[in-house]
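Visitor: Provided herewith: target-v2.cif, mmCIF, C-alpha atoms.
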```cif
data_coords
loop_
_atom_site.label_atom_id
_atom_site.label_comp_id
_atom_site.auth_asym_id
_atom_site.auth_seq_id
_atom_site.Cartn_x
_atom_site.Cartn_y
_atom_site.Cartn_z
CA MET A 250 101.53 73.47 88.85
CA LEU A 251 101.36 75.55 92.06
CA GLN A 252 100.73 72.41 94.13
CA GLN A 253 103.96 70.70 93.04
CA PRO A 254 106.32 70.03 95.98
CA GLY A 255 109.20 72.21 94.71
CA VAL A 256 107.05 75.26 93.90
CA ARG A 257 106.85 78.17 96.33
CA VAL A 258 104.87 81.31 95.51
CA ILE A 259 105.65 84.64 97.15
CA SER A 260 102.94 87.18 96.44
CA GLY A 261 102.73 90.89 97.10
CA PHE A 262 98.94 90.71 97.04
CA TYR A 263 97.08 88.20 99.17
CA GLY A 264 93.77 88.22 97.38
CA PRO A 265 91.15 85.65 96.45
CA ILE A 266 93.41 83.72 94.07
CA GLU A 267 96.23 83.42 96.61
CA ARG A 268 93.83 82.41 99.41
CA ALA A 269 92.15 79.77 97.22
CA THR A 270 95.49 78.41 96.04
CA LYS A 271 96.79 78.18 99.61
CA SER A 272 93.59 76.45 100.77
CA MET A 273 94.25 73.79 98.09
CA GLY A 274 97.65 73.04 99.63
CA ALA A 275 100.01 75.27 97.63
CA ARG A 276 102.98 76.93 99.33
CA VAL A 277 101.83 80.54 99.10
CA GLU A 278 103.47 83.24 101.18
CA TYR A 279 102.58 86.89 101.49
CA LEU A 280 105.21 89.63 101.29
CA PRO A 281 103.66 92.99 102.16
CA ALA A 282 105.41 95.65 100.11
CA ASP A 283 104.59 98.52 97.79
CA PHE A 284 105.37 98.14 94.09
CA ILE A 285 108.88 99.56 94.40
CA GLY A 286 109.59 97.37 97.43
CA TRP A 287 108.22 94.30 95.69
CA GLU A 288 110.36 94.86 92.62
CA ARG A 289 113.43 95.47 94.80
CA TYR A 290 112.76 92.17 96.57
CA ALA A 291 112.31 90.29 93.28
CA MET A 292 115.56 91.75 91.92
CA LEU A 293 117.51 90.68 95.03
CA ALA A 294 115.85 87.30 95.51
CA ARG A 295 116.44 86.39 91.85
CA PRO A 296 113.73 83.69 91.63
CA ARG A 297 114.50 80.91 89.17
CA VAL A 298 111.16 81.45 87.40
CA VAL A 299 109.45 84.79 86.79
CA VAL A 300 105.98 84.89 85.23
CA SER A 301 104.04 87.88 83.99
CA ALA A 302 100.93 88.52 81.97
CA LEU A 303 101.73 90.21 78.66
CA SER A 304 99.81 91.77 75.81
CA PRO A 305 99.80 90.17 72.37
CA MET A 306 102.91 90.80 70.28
CA ASP A 307 103.10 93.85 68.03
CA ASP A 308 104.36 93.75 64.42
CA ARG A 309 108.00 94.16 65.58
CA GLY A 310 107.90 91.27 68.05
CA PHE A 311 107.42 93.24 71.27
CA LEU A 312 105.02 92.27 74.06
CA SER A 313 103.83 94.87 76.56
CA PHE A 314 103.54 94.32 80.32
CA GLY A 315 100.26 96.23 80.15
CA LEU A 316 98.69 96.30 83.61
CA HIS A 317 101.63 94.45 85.22
CA ALA A 318 104.49 96.88 84.73
CA GLY A 319 104.70 98.19 88.28
CA ALA A 320 106.36 95.26 89.98
CA THR A 321 107.38 92.83 87.27
CA PHE A 322 109.18 94.59 84.44
CA ASN A 323 112.77 94.73 85.74
CA ALA A 324 112.60 91.36 87.49
CA PHE A 325 111.19 89.75 84.34
CA ALA A 326 113.82 91.41 82.11
CA GLN A 327 116.58 90.30 84.49
CA ALA A 328 115.36 86.68 84.38
CA ALA A 329 114.88 86.81 80.61
CA ARG A 330 118.54 87.74 80.10
CA ASP A 331 119.87 85.09 82.50
CA PRO A 332 120.38 81.64 80.90
CA GLU A 333 120.05 79.98 84.33
CA ARG A 334 116.55 81.38 84.87
CA LEU A 335 113.18 81.27 83.12
CA ALA A 336 110.98 84.15 81.97
CA ILE A 337 107.49 82.93 81.15
CA GLY A 338 104.91 85.23 79.60
CA GLU A 339 101.18 84.59 79.63
CA VAL A 340 99.84 86.34 76.55
CA THR A 341 96.38 87.59 77.36
CA ARG A 342 94.29 88.65 74.38
CA ASP A 343 92.64 91.65 76.07
CA MET A 344 95.73 92.91 77.95
CA PRO A 345 96.20 96.55 76.88
CA TYR A 346 99.44 97.45 75.12
CA VAL A 347 100.95 100.15 77.33
CA LEU A 348 104.00 102.07 76.17
CA GLY A 349 106.41 103.18 78.87
CA LEU A 350 109.46 105.41 78.88
CA GLY A 351 112.09 104.19 76.46
CA ARG A 352 114.96 104.70 78.89
CA TYR A 353 113.25 102.18 81.20
CA GLY A 354 112.65 99.55 78.55
CA GLY A 355 109.39 100.96 77.25
CA ASN A 356 107.33 98.60 79.43
CA ARG A 357 107.90 95.87 76.88
CA VAL A 358 110.03 92.83 76.13
CA HIS A 359 111.01 91.33 72.77
CA VAL A 360 109.75 87.84 72.00
CA SER A 361 113.38 86.69 71.48
CA GLU A 362 114.10 87.34 75.18
CA VAL A 363 111.21 85.28 76.56
CA ASP A 364 111.83 81.61 77.35
CA CYS A 365 108.22 80.50 77.02
CA LEU A 366 104.94 82.07 75.94
CA VAL A 367 101.58 80.65 76.91
CA GLU A 368 98.55 82.06 75.13
CA THR A 369 95.21 82.26 76.87
CA ASP A 370 91.70 83.25 75.86
CA ARG A 371 90.82 84.05 79.46
CA PRO A 372 90.05 87.73 79.97
CA VAL A 373 92.19 89.86 82.27
CA PHE A 374 91.14 88.98 85.82
CA THR A 375 88.81 91.53 87.37
CA LEU A 376 87.93 91.44 91.03
CA PRO A 377 84.18 91.36 91.60
CA GLU A 378 82.61 94.43 93.15
CA THR A 379 81.81 93.90 96.79
CA PRO A 380 79.63 96.00 99.03
CA VAL A 381 81.47 98.45 101.26
CA ALA A 382 81.58 97.23 104.87
CA ALA A 383 80.37 99.62 107.55
CA GLU A 384 83.85 99.72 109.10
CA ASP A 385 85.46 100.68 105.78
CA ALA A 386 82.88 103.42 105.21
CA ALA A 387 83.51 104.82 108.71
CA ILE A 388 87.29 104.87 108.16
CA ALA A 389 86.87 106.53 104.75
CA HIS A 390 84.57 109.17 106.25
CA HIS A 391 87.04 109.90 109.07
CA VAL A 392 89.99 110.22 106.67
CA GLU A 393 87.96 112.41 104.34
CA GLU A 394 87.23 114.83 107.19
CA LEU A 395 90.89 114.94 108.22
CA VAL A 396 92.08 115.61 104.68
CA GLU A 397 89.47 118.31 104.06
CA ASN A 398 90.26 120.33 107.19
CA GLY A 399 94.00 119.63 107.35
CA ALA A 400 93.73 118.27 110.89
CA THR A 401 96.49 115.73 110.41
CA CYS A 402 99.09 118.43 109.71
CA ARG A 403 97.95 120.78 112.47
CA SER A 404 97.54 118.07 115.08
CA ALA A 405 100.99 116.60 114.41
CA SER A 406 102.56 120.05 114.75
CA ALA A 407 100.69 120.77 117.97
CA ARG A 408 101.63 117.50 119.66
CA PHE A 409 105.38 117.68 119.17
CA PRO A 410 107.73 120.51 120.08
CA ILE A 411 109.67 121.99 117.17
CA SER A 412 112.85 120.13 118.16
CA TRP A 413 111.06 116.78 117.64
CA ARG A 414 109.68 117.57 114.20
CA SER A 415 111.50 116.27 111.20
CA SER A 416 111.10 116.27 107.46
CA TRP A 417 112.55 114.52 104.44
CA ARG A 418 114.70 116.38 101.97
CA ARG A 419 116.26 114.69 98.97
CA GLY A 420 115.84 111.24 100.46
CA ARG A 421 117.44 111.87 103.86
CA ARG A 422 115.91 112.79 107.15
CA VAL A 423 116.55 116.33 108.34
CA THR A 424 115.70 117.15 111.96
CA SER A 425 114.98 120.70 113.04
CA GLY A 426 118.24 122.42 113.88
CA SER A 427 120.38 120.40 111.49
CA THR A 428 121.52 121.81 108.19
CA PRO A 429 120.75 119.87 105.01
CA ARG A 430 123.69 119.36 102.70
#
```
For this file, produce the structure as structure tokens.

Guide:
Amino acid sequence: MLQQPGVRVISGFYGPIERATKSMGARVEYLPADFIGWERYAMLARPRVVVSALSPMDDRGFLSFGLHAGATFNAFAQAARDPERLAIGEVTRDMPYVLGLGRYGGNRVHVSEVDCLVETDRPVFTLPETPVAAEDAAIAHHVEELVENGATCRSASARFPISWRSSWRRGRRVTSGSTPR
């Protein structure tokens, strides 16, 4: 399906699956963003098809987003409620049923809102363990030392005069000398 001419995949994680799919000729693009940024993008871009792995249905007809709640829940729910778009759920037998906060949809969707369900016996994908590269170990060791002795905070303060320092308060930048509202 991913190799069809009209299909374009935008992924927030460029891992082994995305690399393999791209090497087979699929249109795979990488969008670097954190989970909140990725969801914001998906909400604005309004893709015609949204797909997410889901847990098996409970006795009231709800499916949980399990491990995939961070960046798919709102975009999936938005597509599920739009008759011009498709919300496809892949029901994975071993996907954990994770309850979320009710005011945010509970991390679940009702079967009546999903356009298509595809059941699979494949287990939840797990990345294989790989040995730690020497470069990664060196970076981790350096960061560990900085965190333990607080050097990052002290060195930043020492390098910049007080007038150049800034902080964030309630989502807006406040520079030394200005008064937060």

Visitor: Nearest to Phe322 in chain A: which of A:Ser272, A:Ser361, A:Ser301, A:Thr375 is it, counting all atoms listed in the file?

Guide: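 Between A:Ser272, A:Ser361, A:Ser301, A:Thr375, the residue approaching Phe322 in chain A most closely is A:Ser301.
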
Visitor: Pick the closest to Ala329 in chain A from A:Arg309, A:Arg352, A:His317, A:His359: which is it, counting only C-alpha atoms?

Guide: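 Using only C-alpha atoms, the shortest distance to Ala329 in chain A belongs to A:His359.
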
Visitor: List every residue of range 309-349 of chain A that has an atom at most 7 Å from any atom of range 289-298 of chain A, and for each one report the closest atom pair and its distance in Å to one decimal, counting all atoms listed in the file, with rows sorted by chain and then by increasing residue number, as CSV.

Guide:
```
residue,atom,partner,partner_atom,distance
A:Ala324,CA,A:Met292,CA,5.3
A:Arg334,CA,A:Arg297,CA,4.8
A:Leu335,CA,A:Val298,CA,4.7
A:Ala336,CA,A:Val298,CA,6.1
```

Visitor: Which residue, A:Val256, A:Val300, A:Val392, A:Met273, has the smallest gap to Val363 in chain A when you use all atoms listed in the file?

Guide: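 Nearest candidate to Val363 in chain A out of A:Val256, A:Val300, A:Val392, A:Met273: A:Val300.
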
Visitor: One number please: CA of Gly338 in chain A to CA of Asn323 in chain A, in Å, one decimal.

Guide: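 Between CA of Gly338 in chain A and CA of Asn323 in chain A the gap works out to 13.8 Å.
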
Visitor: Set the distance at 10 Å and use all atoms listed in the file: which residues neighbour Asp370 in chain A once local chain neighbours fewer than 4 positions away are removed? I'd like the list as a ChimeraX atom specification.

Guide: /A:340-343

Visitor: With only C-alpha atoms as the basis for distance, which of A:Val373, A:Ala275, A:Val358, A:Ala383 is at the shortest distance from Arg330 in chain A?

Guide: A:Val358

Visitor: When you count all atoms listed in the file, which of these residues is closest to Thr321 in chain A: A:Lys271, A:Gly351, A:Gly261, A:Ala382?

Guide: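 Of A:Lys271, A:Gly351, A:Gly261, A:Ala382, the one nearest Thr321 in chain A, counting all atoms listed in the file, is A:Gly261.
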
Visitor: Apply the PyMOL selection byres ((chain A and resi 257) around 8) to the displayed file and report the matching residues as a list in words.

Guide: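 This file gives the following for the PyMOL selection byres ((chain A and resi 257) around 8): Leu251, Gly255, Val256, Val258, Ile259, Ala275, Arg276, Val277 and Glu278 of chain A.
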
Visitor: Pick the closest to Asp308 in chain A from A:Leu395, A:Ala326, A:Val360, A:Glu339: which is it, counting only C-alpha atoms?

Guide: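 Among A:Leu395, A:Ala326, A:Val360, A:Glu339, it is A:Val360 that comes nearest to Asp308 in chain A.
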
Visitor: Can you tell me how far CA of Tyr346 in chain A sits from CA of Gly315 in chain A, in Å to one decimal?

Guide: 5.2 Å

Visitor: At what distance in Å, to one decimal, does CA of Leu316 in chain A lie from CA of Ser260 in chain A?

Guide: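 Straight-line distance from CA of Ser260 in chain A to CA of Leu316 in chain A works out to 16.3 Å.
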
Visitor: Output as AutoDock Vina command-line options the centre and edge lengths (Å, one decimal) of the box along x, y and z of the file that holds every listed atom of range 334-341 of chain A after adding 6 Å on each side.

Guide:
```
--center_x 106.5 --center_y 84.4 --center_z 80.7 --size_x 32.2 --size_y 18.3 --size_z 20.3
```
